[in-house]
>>> print(open('final-v1.cif').read())   # mmCIF, C-alpha atoms
data_input
loop_
_atom_site.group_PDB
_atom_site.id
_atom_site.type_symbol
_atom_site.label_atom_id
_atom_site.label_comp_id
_atom_site.auth_asym_id
_atom_site.auth_seq_id
_atom_site.Cartn_x
_atom_site.Cartn_y
_atom_site.Cartn_z
ATOM 1 C CA MET A 1 29.344 57.949 -15.021
ATOM 2 C CA PRO A 2 28.875 61.691 -14.395
ATOM 3 C CA ASP A 3 32.153 63.501 -13.684
ATOM 4 C CA GLY A 4 30.758 66.210 -11.419
ATOM 5 C CA ARG A 5 31.145 68.921 -14.029
ATOM 6 C CA ARG A 6 28.939 71.744 -12.838
ATOM 7 C CA ILE A 7 26.229 73.604 -14.675
ATOM 8 C CA GLN A 8 27.318 77.141 -15.487
ATOM 9 C CA THR A 9 24.430 79.562 -15.718
ATOM 10 C CA GLU A 10 22.915 82.785 -14.417
ATOM 11 C CA TRP A 11 20.663 82.242 -11.410
ATOM 12 C CA ARG A 12 17.738 84.628 -11.817
ATOM 13 C CA LEU A 13 16.919 86.305 -8.493
ATOM 14 C CA ARG A 14 14.396 88.949 -7.467
ATOM 15 C CA SER A 15 16.298 92.002 -8.703
ATOM 16 C CA ARG A 16 19.430 90.642 -10.368
ATOM 17 C CA SER A 17 21.175 87.569 -11.697
ATOM 18 C CA LEU A 18 23.990 85.672 -10.000
ATOM 19 C CA PRO A 19 26.627 83.737 -11.982
ATOM 20 C CA VAL A 20 26.679 80.122 -10.790
ATOM 21 C CA GLY A 21 29.087 77.313 -11.588
ATOM 22 C CA ALA A 22 32.344 79.060 -12.486
ATOM 23 C CA ARG A 23 33.417 78.876 -8.839
ATOM 24 C CA THR A 24 31.791 77.603 -5.676
ATOM 25 C CA LEU A 25 29.507 80.087 -3.955
ATOM 26 C CA VAL A 26 29.463 80.006 -0.150
ATOM 27 C CA MET A 27 26.159 80.575 1.652
ATOM 28 C CA GLY A 28 26.577 81.530 5.307
ATOM 29 C CA VAL A 29 23.944 80.286 7.769
ATOM 30 C CA VAL A 30 22.361 82.623 10.316
ATOM 31 C CA ASN A 31 20.058 80.650 12.649
ATOM 32 C CA LEU A 32 17.615 82.939 14.468
ATOM 33 C CA THR A 33 16.237 80.100 16.566
ATOM 34 C CA PRO A 34 16.465 78.892 20.173
ATOM 35 C CA ASP A 35 16.606 75.203 19.212
ATOM 36 C CA SER A 36 18.525 74.572 15.984
ATOM 37 C CA PHE A 37 20.708 71.464 16.232
ATOM 38 C CA SER A 38 23.949 73.398 15.704
ATOM 39 C CA ASP A 39 23.863 76.931 17.063
ATOM 40 C CA GLY A 40 20.325 77.452 18.310
ATOM 41 C CA GLY A 41 19.986 80.294 20.797
ATOM 42 C CA LEU A 42 23.277 81.995 19.972
ATOM 43 C CA TYR A 43 21.799 84.675 17.730
ATOM 44 C CA LEU A 44 18.319 85.364 19.063
ATOM 45 C CA GLU A 45 19.247 88.913 20.055
ATOM 46 C CA LEU A 46 19.145 91.373 17.170
ATOM 47 C CA GLU A 47 22.585 92.891 17.713
ATOM 48 C CA ARG A 48 24.314 89.513 18.010
ATOM 49 C CA ALA A 49 22.522 88.157 14.964
ATOM 50 C CA VAL A 50 23.443 91.141 12.810
ATOM 51 C CA ALA A 51 27.054 91.103 14.032
ATOM 52 C CA HIS A 52 27.282 87.402 13.157
ATOM 53 C CA ALA A 53 25.811 87.976 9.697
ATOM 54 C CA LEU A 54 28.264 90.795 8.979
ATOM 55 C CA ARG A 55 31.144 88.650 10.216
ATOM 56 C CA LEU A 56 30.184 85.897 7.773
ATOM 57 C CA LEU A 57 30.193 88.449 4.950
ATOM 58 C CA ASP A 58 33.614 89.710 6.039
ATOM 59 C CA GLU A 59 34.913 86.127 5.968
ATOM 60 C CA GLY A 60 33.863 85.791 2.342
ATOM 61 C CA ALA A 61 30.257 84.600 2.241
ATOM 62 C CA ASP A 62 28.694 85.261 -1.162
ATOM 63 C CA LEU A 63 25.193 85.213 0.297
ATOM 64 C CA LEU A 64 23.436 84.686 3.611
ATOM 65 C CA ASP A 65 20.667 82.252 4.539
ATOM 66 C CA LEU A 66 18.476 83.490 7.406
ATOM 67 C CA GLY A 67 16.227 80.983 9.141
ATOM 68 C CA ALA A 68 13.895 81.449 12.095
ATOM 69 C CA GLU A 69 12.385 77.981 12.623
ATOM 70 C CA SER A 70 14.273 74.815 13.474
ATOM 71 C CA THR A 71 13.648 71.742 11.322
ATOM 72 C CA ARG A 72 15.521 69.402 13.650
ATOM 73 C CA PRO A 73 14.284 65.781 13.875
ATOM 74 C CA GLY A 74 11.158 65.468 15.982
ATOM 75 C CA SER A 75 10.036 69.064 15.520
ATOM 76 C CA HIS A 76 6.585 69.953 14.193
ATOM 77 C CA ALA A 77 8.002 71.928 11.270
ATOM 78 C CA GLY A 78 6.029 71.378 8.104
ATOM 79 C CA ASP A 79 2.647 71.103 9.794
ATOM 80 C CA LEU A 80 1.034 74.497 9.232
ATOM 81 C CA GLU A 81 -1.644 73.739 11.817
ATOM 82 C CA ALA A 82 0.680 72.532 14.570
ATOM 83 C CA ALA A 83 3.993 74.208 13.766
ATOM 84 C CA THR A 84 5.924 75.189 16.886
ATOM 85 C CA VAL A 85 6.753 78.528 15.251
ATOM 86 C CA SER A 86 3.890 80.445 13.637
ATOM 87 C CA ALA A 87 4.386 82.635 10.585
ATOM 88 C CA ASP A 88 4.037 85.711 12.804
ATOM 89 C CA GLN A 89 6.695 84.457 15.232
ATOM 90 C CA GLU A 90 8.982 83.515 12.372
ATOM 91 C CA GLN A 91 8.711 86.969 10.837
ATOM 92 C CA ALA A 92 9.223 88.696 14.201
ATOM 93 C CA ARG A 93 12.574 86.924 14.503
ATOM 94 C CA LEU A 94 13.566 87.235 10.874
ATOM 95 C CA LEU A 95 12.550 90.622 9.500
ATOM 96 C CA PRO A 96 14.440 92.904 11.924
ATOM 97 C CA VAL A 97 17.687 91.047 11.203
ATOM 98 C CA LEU A 98 17.089 91.063 7.455
ATOM 99 C CA GLU A 99 16.381 94.784 7.447
ATOM 100 C CA ALA A 100 19.365 95.594 9.680
ATOM 101 C CA VAL A 101 21.774 93.580 7.528
ATOM 102 C CA LEU A 102 20.569 95.259 4.339
ATOM 103 C CA THR A 103 20.873 98.659 5.997
ATOM 104 C CA ALA A 104 24.426 97.951 7.126
ATOM 105 C CA ARG A 105 25.465 96.255 3.870
ATOM 106 C CA PRO A 106 23.242 97.362 0.992
ATOM 107 C CA GLY A 107 23.273 94.916 -1.881
ATOM 108 C CA THR A 108 23.857 91.840 0.281
ATOM 109 C CA LEU A 109 22.262 88.748 -1.231
ATOM 110 C CA VAL A 110 19.923 87.313 1.381
ATOM 111 C CA SER A 111 18.072 84.008 1.215
ATOM 112 C CA VAL A 112 15.268 83.281 3.660
ATOM 113 C CA ASP A 113 14.974 79.706 4.897
ATOM 114 C CA THR A 114 11.219 79.144 5.175
ATOM 115 C CA TYR A 115 8.492 76.830 3.917
ATOM 116 C CA LYS A 116 5.711 79.318 4.727
ATOM 117 C CA ALA A 117 4.328 81.438 1.886
ATOM 118 C CA ALA A 118 3.383 84.279 4.244
ATOM 119 C CA THR A 119 6.942 84.567 5.529
ATOM 120 C CA ALA A 120 8.350 84.346 2.013
ATOM 121 C CA ARG A 121 6.172 87.260 0.934
ATOM 122 C CA ALA A 122 7.167 89.385 3.938
ATOM 123 C CA ALA A 123 10.879 88.649 3.562
ATOM 124 C CA VAL A 124 11.024 89.357 -0.161
ATOM 125 C CA ALA A 125 9.102 92.588 0.407
ATOM 126 C CA ALA A 126 11.819 93.499 2.941
ATOM 127 C CA GLY A 127 14.607 92.848 0.430
ATOM 128 C CA ALA A 128 15.369 89.109 0.360
ATOM 129 C CA GLU A 129 16.376 87.849 -3.083
ATOM 130 C CA ILE A 130 15.875 84.099 -2.562
ATOM 131 C CA VAL A 131 13.404 81.767 -0.862
ATOM 132 C CA ASN A 132 14.978 78.541 0.375
ATOM 133 C CA ASP A 133 12.131 76.034 0.861
ATOM 134 C CA VAL A 134 13.348 72.890 2.603
ATOM 135 C CA SER A 135 10.151 71.110 1.589
ATOM 136 C CA GLY A 136 10.531 71.736 -2.138
ATOM 137 C CA PHE A 137 7.048 73.306 -2.310
ATOM 138 C CA THR A 138 5.381 70.358 -0.549
ATOM 139 C CA TRP A 139 4.481 71.670 2.924
ATOM 140 C CA ASP A 140 2.638 74.896 2.040
ATOM 141 C CA SER A 141 0.450 74.616 -1.049
ATOM 142 C CA ARG A 142 0.601 78.399 -1.508
ATOM 143 C CA MET A 143 4.381 78.657 -1.713
ATOM 144 C CA ALA A 144 4.936 77.973 -5.422
ATOM 145 C CA ALA A 145 2.377 80.596 -6.466
ATOM 146 C CA ALA A 146 3.837 83.071 -3.978
ATOM 147 C CA CYS A 147 7.369 82.651 -5.341
ATOM 148 C CA ALA A 148 6.116 82.978 -8.907
ATOM 149 C CA GLU A 149 4.374 86.216 -8.030
ATOM 150 C CA LEU A 150 7.404 87.521 -6.125
ATOM 151 C CA GLY A 151 9.793 86.743 -8.977
ATOM 152 C CA CYS A 152 12.503 85.674 -6.530
ATOM 153 C CA GLY A 153 15.178 83.020 -6.795
ATOM 154 C CA VAL A 154 14.264 79.715 -5.162
ATOM 155 C CA VAL A 155 16.115 76.788 -3.629
ATOM 156 C CA LEU A 156 14.033 73.614 -3.742
ATOM 157 C CA MET A 157 15.244 70.965 -1.334
ATOM 158 C CA HIS A 158 14.266 67.312 -1.118
ATOM 159 C CA THR A 159 12.750 66.255 2.193
ATOM 160 C CA ARG A 160 11.476 62.771 2.949
ATOM 161 C CA GLY A 161 8.429 63.364 5.122
ATOM 162 C CA ARG A 162 8.287 65.817 8.027
ATOM 163 C CA PRO A 163 10.758 66.019 10.953
ATOM 164 C CA GLU A 164 8.354 64.343 13.385
ATOM 165 C CA GLU A 165 8.247 61.311 11.048
ATOM 166 C CA TRP A 166 11.942 60.867 10.349
ATOM 167 C CA ARG A 167 12.893 58.532 13.196
ATOM 168 C CA ALA A 168 10.195 56.027 12.262
ATOM 169 C CA GLN A 169 10.853 55.863 8.518
ATOM 170 C CA PRO A 170 12.131 52.580 7.071
ATOM 171 C CA ALA A 171 15.662 52.385 5.721
ATOM 172 C CA LEU A 172 16.319 52.807 2.007
ATOM 173 C CA ALA A 173 18.611 50.855 -0.283
ATOM 174 C CA ALA A 174 21.238 52.999 -2.001
ATOM 175 C CA GLU A 175 19.590 52.890 -5.435
ATOM 176 C CA ALA A 176 16.154 53.554 -3.960
ATOM 177 C CA GLY A 177 17.487 56.563 -2.032
ATOM 178 C CA LEU A 178 18.976 58.208 -5.088
ATOM 179 C CA ALA A 179 15.816 57.560 -7.121
ATOM 180 C CA LEU A 180 13.650 58.977 -4.339
ATOM 181 C CA VAL A 181 15.662 62.207 -4.231
ATOM 182 C CA ARG A 182 15.872 62.511 -8.019
ATOM 183 C CA ASP A 183 12.142 61.947 -8.476
ATOM 184 C CA GLY A 184 11.249 64.280 -5.617
ATOM 185 C CA LEU A 185 13.404 67.100 -6.975
ATOM 186 C CA ALA A 186 11.972 66.546 -10.458
ATOM 187 C CA ALA A 187 8.455 66.860 -9.014
ATOM 188 C CA SER A 188 9.401 70.090 -7.226
ATOM 189 C CA LEU A 189 10.885 71.449 -10.427
ATOM 190 C CA ARG A 190 7.654 70.603 -12.284
ATOM 191 C CA ALA A 191 5.592 72.295 -9.566
ATOM 192 C CA ALA A 192 7.717 75.406 -9.977
ATOM 193 C CA GLY A 193 7.192 75.387 -13.727
ATOM 194 C CA ASP A 194 3.454 74.810 -13.388
ATOM 195 C CA ALA A 195 3.274 77.869 -11.109
ATOM 196 C CA GLY A 196 5.079 79.988 -13.690
ATOM 197 C CA ILE A 197 8.555 80.010 -12.146
ATOM 198 C CA SER A 198 11.323 80.031 -14.736
ATOM 199 C CA PRO A 199 13.847 77.170 -14.489
ATOM 200 C CA GLU A 200 16.551 79.868 -14.464
ATOM 201 C CA SER A 201 15.270 80.922 -11.025
ATOM 202 C CA VAL A 202 15.691 77.457 -9.478
ATOM 203 C CA VAL A 203 18.571 75.759 -7.652
ATOM 204 C CA LEU A 204 18.121 72.215 -6.291
ATOM 205 C CA ASP A 205 19.282 70.788 -2.950
ATOM 206 C CA PRO A 206 19.470 67.001 -2.268
ATOM 207 C CA GLY A 207 18.536 67.607 1.374
ATOM 208 C CA TYR A 208 21.247 65.808 3.331
ATOM 209 C CA GLY A 209 19.906 64.652 6.669
ATOM 210 C CA PHE A 210 16.307 65.558 5.873
ATOM 211 C CA GLY A 211 14.573 62.211 6.214
ATOM 212 C CA LYS A 212 17.696 60.263 5.248
ATOM 213 C CA ARG A 213 19.254 57.837 7.715
ATOM 214 C CA PHE A 214 22.928 58.197 8.566
ATOM 215 C CA GLU A 215 24.502 55.874 5.982
ATOM 216 C CA GLU A 216 21.966 56.834 3.308
ATOM 217 C CA ASN A 217 23.534 60.273 3.108
ATOM 218 C CA TYR A 218 26.866 58.810 1.970
ATOM 219 C CA GLY A 219 25.241 56.899 -0.863
ATOM 220 C CA LEU A 220 23.530 60.102 -1.945
ATOM 221 C CA LEU A 221 26.735 62.135 -1.693
ATOM 222 C CA ALA A 222 28.692 59.565 -3.695
ATOM 223 C CA ARG A 223 26.189 59.790 -6.563
ATOM 224 C CA GLN A 224 25.166 63.417 -6.183
ATOM 225 C CA ALA A 225 26.499 64.329 -9.631
ATOM 226 C CA GLU A 226 23.767 62.220 -11.220
ATOM 227 C CA LEU A 227 21.265 64.847 -10.055
ATOM 228 C CA LEU A 228 22.809 67.303 -12.515
ATOM 229 C CA ALA A 229 20.766 65.472 -15.149
ATOM 230 C CA LEU A 230 17.804 67.504 -13.867
ATOM 231 C CA GLY A 231 19.423 70.498 -15.550
ATOM 232 C CA ARG A 232 19.736 72.850 -12.582
ATOM 233 C CA PRO A 233 22.684 73.820 -10.330
ATOM 234 C CA LEU A 234 23.033 72.011 -7.023
ATOM 235 C CA LEU A 235 23.323 73.398 -3.504
ATOM 236 C CA ALA A 236 24.725 71.108 -0.806
ATOM 237 C CA GLY A 237 24.138 71.608 2.913
ATOM 238 C CA VAL A 238 26.348 69.142 4.770
ATOM 239 C CA SER A 239 27.723 71.423 7.474
ATOM 240 C CA ARG A 240 27.652 69.873 10.973
ATOM 241 C CA LYS A 241 25.179 67.174 9.950
ATOM 242 C CA SER A 242 24.694 64.300 12.377
ATOM 243 C CA PHE A 243 25.705 61.626 9.880
ATOM 244 C CA LEU A 244 29.202 63.139 9.880
ATOM 245 C CA ALA A 245 29.374 63.097 13.675
ATOM 246 C CA ARG A 246 28.241 59.455 13.706
ATOM 247 C CA THR A 247 31.132 58.524 11.407
ATOM 248 C CA ILE A 248 33.688 60.343 13.553
ATOM 249 C CA ALA A 249 32.304 58.591 16.623
ATOM 250 C CA ARG A 250 32.838 55.274 14.801
ATOM 251 C CA GLY A 251 29.199 54.313 15.123
ATOM 252 C CA GLN A 252 28.974 55.003 18.861
ATOM 253 C CA ALA A 253 25.920 57.234 19.045
ATOM 254 C CA ASP A 254 26.601 58.336 22.625
ATOM 255 C CA ARG A 255 30.263 59.197 22.079
ATOM 256 C CA PRO A 256 30.762 62.993 22.271
ATOM 257 C CA VAL A 257 32.202 64.657 19.176
ATOM 258 C CA SER A 258 34.069 67.921 19.629
ATOM 259 C CA GLU A 259 33.105 71.044 17.737
ATOM 260 C CA SER A 260 36.490 71.122 15.999
ATOM 261 C CA SER A 261 36.015 67.526 14.820
ATOM 262 C CA ARG A 262 32.576 68.371 13.461
ATOM 263 C CA GLU A 263 34.091 71.285 11.550
ATOM 264 C CA THR A 264 36.841 69.075 10.117
ATOM 265 C CA ALA A 265 34.266 66.536 8.989
ATOM 266 C CA SER A 266 32.119 69.314 7.537
ATOM 267 C CA ILE A 267 35.005 70.579 5.421
ATOM 268 C CA ALA A 268 35.714 67.054 4.144
ATOM 269 C CA ALA A 269 32.072 66.597 3.172
ATOM 270 C CA LEU A 270 31.944 70.075 1.629
ATOM 271 C CA ALA A 271 34.927 69.359 -0.634
ATOM 272 C CA THR A 272 33.368 66.034 -1.635
ATOM 273 C CA ALA A 273 30.089 67.731 -2.500
ATOM 274 C CA ILE A 274 31.871 70.290 -4.684
ATOM 275 C CA LEU A 275 33.801 67.586 -6.525
ATOM 276 C CA HIS A 276 30.477 65.836 -7.108
ATOM 277 C CA GLY A 277 28.806 68.799 -8.743
ATOM 278 C CA ALA A 278 27.667 71.256 -6.063
ATOM 279 C CA SER A 279 27.859 74.897 -7.161
ATOM 280 C CA ILE A 280 26.789 76.343 -3.802
ATOM 281 C CA VAL A 281 27.586 75.147 -0.286
ATOM 282 C CA ARG A 282 25.600 76.132 2.820
ATOM 283 C CA VAL A 283 27.897 76.429 5.844
ATOM 284 C CA HIS A 284 28.102 77.632 9.440
ATOM 285 C CA ARG A 285 31.821 78.545 9.363
ATOM 286 C CA VAL A 286 32.610 80.596 6.297
ATOM 287 C CA ARG A 287 36.356 81.283 6.280
ATOM 288 C CA ALA A 288 37.436 77.640 6.256
ATOM 289 C CA ALA A 289 34.725 76.825 3.718
ATOM 290 C CA VAL A 290 35.944 79.528 1.339
ATOM 291 C CA GLU A 291 39.487 78.167 1.535
ATOM 292 C CA ALA A 292 38.422 74.542 1.073
ATOM 293 C CA ALA A 293 36.199 75.511 -1.853
ATOM 294 C CA ALA A 294 39.126 77.227 -3.553
ATOM 295 C CA ILE A 295 41.099 73.954 -3.458
ATOM 296 C CA ALA A 296 38.163 71.899 -4.751
ATOM 297 C CA ASP A 297 37.592 74.455 -7.500
ATOM 298 C CA ALA A 298 41.238 74.172 -8.537
ATOM 299 C CA VAL A 299 40.826 70.399 -8.844
ATOM 300 C CA LEU A 300 37.722 70.870 -11.011
ATOM 301 C CA ALA A 301 39.559 73.404 -13.179
ATOM 302 C CA ALA A 302 42.407 70.927 -13.679
ATOM 303 C CA ARG A 303 39.960 68.458 -15.257
#
>>> encode(input="final-v1.cif", output="structure tokens")
Amino acid sequence: MPDGRRIQTEWRLRSRSLPVGARTLVMGVVNLTPDSFSDGGLYLELERAVAHALRLLDEGADLLDLGAESTRPGSHAGDLEAATVSADQEQARLLPVLEAVLTARPGTLVSVDTYKAATARAAVAAGAEIVNDVSGFTWDSRMAAACAELGCGVVLMHTRGRPEEWRAQPALAAEAGLALVRDGLAASLRAAGDAGISPESVVLDPGYGFGKRFEENYGLLARQAELLALGRPLLAGVSRKSFLARTIARGQADRPVSESSRETASIAALATAILHGASIVRVHRVRAAVEAAAIADAVLAAR
């Protein structure tokens, strides 16, 4: 049984390399959207968004992940013809913040959360080092070639279908869920290689909550370390996910869950993900994540 021992390597980005695996790297989320499930609408204004990004860096974030389109369940994300947010709208939200952050803090590592090749090109041209594609190169057929040409780092996430399809998808048995994620990530990794992207540029993300039903996420988290067999570092995004809130509510979907309880659950899931092989964690609250990661890292070091 895999022991969660992480892959130690250099992640090849656009203009530099980033050591991965020796300690957990914390990626701070900046949602530039009006409708994200967690903090949509809070950082639509440029000044507030930049202030939030700089605060996350001050709290210890190793890199930032800027996103300008919500992929919440039921949205039309992933459909290039019917997407609620066009590439032009996405870039209008994203690029001013990206440029302002890099002006205020030169050298900041910025990832752009997009599945659109046009936005990836614009963001990397503006200084982003990483493209974080939640579809794993499956929603925009031009994305793999774009990332190869850009020479950026990439995060390839597993998504089961598109957000508008998630509520109607049949449940998965635990073994089937793990196999689905493993095979999907392997296919994304092959697509990257076929496009000319070096494996050293790729990090993989199991995609918690993206087309997985509530309990299916726990089966995936429990066996996450098995995904290390794909040979690439893992990024885990479990912060504030609805499957955590459902557990706290003891299965009562309509029971309100406080923000502090969601954060507590997020930290518990974060530590679990690290102990099961995650090298990078994507979080909304950085300070607590940095502290929790230090404890999990100490446990891994003691092995």
>>> closest_residue(input="final-v1.cif", among="A:Asp79, A:Glu263, A:Pro19, A:Ala187", to="Arg287 in chain A", atoms="only C-alpha atoms")
A:Glu263
>>> atom_distance(input="final-v1.cif", atom1="CA of Leu56 in chain A", atom2="CA of Val30 in chain A")
8.9 Å
>>> closest_residue(input="final-v1.cif", among="A:Leu98, A:Ala245, A:Ala296, A:Leu235", to="Val202 in chain A", atoms="only C-alpha atoms")
A:Leu235
>>> resolve_selection(input="final-v1.cif", expression="the PyMOL selection byres ((chain A and resi 232) around 12)", output="ChimeraX atom specification")
/A:6-12,20-21,154-156,182,185-186,188-189,198-206,225-231,233-235,277-280
>>> write_last_selection(input="final-v1.cif", atoms="C-alpha atoms", output="short mmCIF file (atom, residue, chain, number, x, y, z; two decimals), in the coordinates of the input")
data_model
loop_
_atom_site.label_atom_id
_atom_site.label_comp_id
_atom_site.auth_asym_id
_atom_site.auth_seq_id
_atom_site.Cartn_x
_atom_site.Cartn_y
_atom_site.Cartn_z
CA ARG A 6 28.94 71.74 -12.84
CA ILE A 7 26.23 73.60 -14.68
CA GLN A 8 27.32 77.14 -15.49
CA THR A 9 24.43 79.56 -15.72
CA GLU A 10 22.92 82.78 -14.42
CA TRP A 11 20.66 82.24 -11.41
CA ARG A 12 17.74 84.63 -11.82
CA VAL A 20 26.68 80.12 -10.79
CA GLY A 21 29.09 77.31 -11.59
CA VAL A 154 14.26 79.72 -5.16
CA VAL A 155 16.11 76.79 -3.63
CA LEU A 156 14.03 73.61 -3.74
CA ARG A 182 15.87 62.51 -8.02
CA LEU A 185 13.40 67.10 -6.98
CA ALA A 186 11.97 66.55 -10.46
CA SER A 188 9.40 70.09 -7.23
CA LEU A 189 10.88 71.45 -10.43
CA SER A 198 11.32 80.03 -14.74
CA PRO A 199 13.85 77.17 -14.49
CA GLU A 200 16.55 79.87 -14.46
CA SER A 201 15.27 80.92 -11.02
CA VAL A 202 15.69 77.46 -9.48
CA VAL A 203 18.57 75.76 -7.65
CA LEU A 204 18.12 72.22 -6.29
CA ASP A 205 19.28 70.79 -2.95
CA PRO A 206 19.47 67.00 -2.27
CA ALA A 225 26.50 64.33 -9.63
CA GLU A 226 23.77 62.22 -11.22
CA LEU A 227 21.26 64.85 -10.06
CA LEU A 228 22.81 67.30 -12.52
CA ALA A 229 20.77 65.47 -15.15
CA LEU A 230 17.80 67.50 -13.87
CA GLY A 231 19.42 70.50 -15.55
CA PRO A 233 22.68 73.82 -10.33
CA LEU A 234 23.03 72.01 -7.02
CA LEU A 235 23.32 73.40 -3.50
CA GLY A 277 28.81 68.80 -8.74
CA ALA A 278 27.67 71.26 -6.06
CA SER A 279 27.86 74.90 -7.16
CA ILE A 280 26.79 76.34 -3.80
#
>>> atom_distance(input="final-v1.cif", atom1="CA of Ala87 in chain A", atom2="CA of Ala125 in chain A")
15.0 Å
>>> resolve_selection(input="final-v1.cif", expression="the PyMOL selection byres ((chain A and resi 52) around 12)", output="PyMOL selection string")
chain A and resi 28-32+39+42-51+53-59+61+64+66+97+100-101+284-286
>>> closest_residue(input="final-v1.cif", among="A:Val110, A:Met157, A:Ala144, A:Leu221", to="Ala191 in chain A", atoms="only C-alpha atoms")
A:Ala144
>>> atom_distance(input="final-v1.cif", atom1="CA of Ala176 in chain A", atom2="CA of His76 in chain A")
26.3 Å
>>> closest_residue(input="final-v1.cif", among="A:Ala104, A:Ala120, A:Val134, A:Ile274", to="Gly78 in chain A", atoms="only C-alpha atoms")
A:Val134
>>> resolve_selection(input="final-v1.cif", expression="the PyMOL selection byres ((chain A and resi 177) around 12)", output="ChimeraX atom specification")
/A:158-160,170-176,178-184,206-208,211-213,215-224
>>> closest_residue(input="final-v1.cif", among="A:Gln169, A:Ser260, A:Thr119, A:Thr272", to="Leu95 in chain A", atoms="only C-alpha atoms")
A:Thr119
>>> axis_aligned_box(input="final-v1.cif", around="range 206-218 of chain A", padding_each_side="3 Å", output="JSON")
{"center_x": 20.7, "center_y": 61.7, "center_z": 3.1, "size_x": 18.3, "size_y": 17.7, "size_z": 16.8}
>>> closest_residue(input="final-v1.cif", among="A:Arg303, A:Arg142, A:Arg14, A:Arg282", to="Ala192 in chain A", atoms="all atoms listed in the file")
A:Arg142
>>> residues_around(input="final-v1.cif", residues="Val112 in chain A", least_positions_apart="3", cutoff="9 Å", atoms="all atoms listed in the file", output="VMD selection string")
chain A and resid 64 to 68 94 98 119 to 120 123 to 124 128 to 133
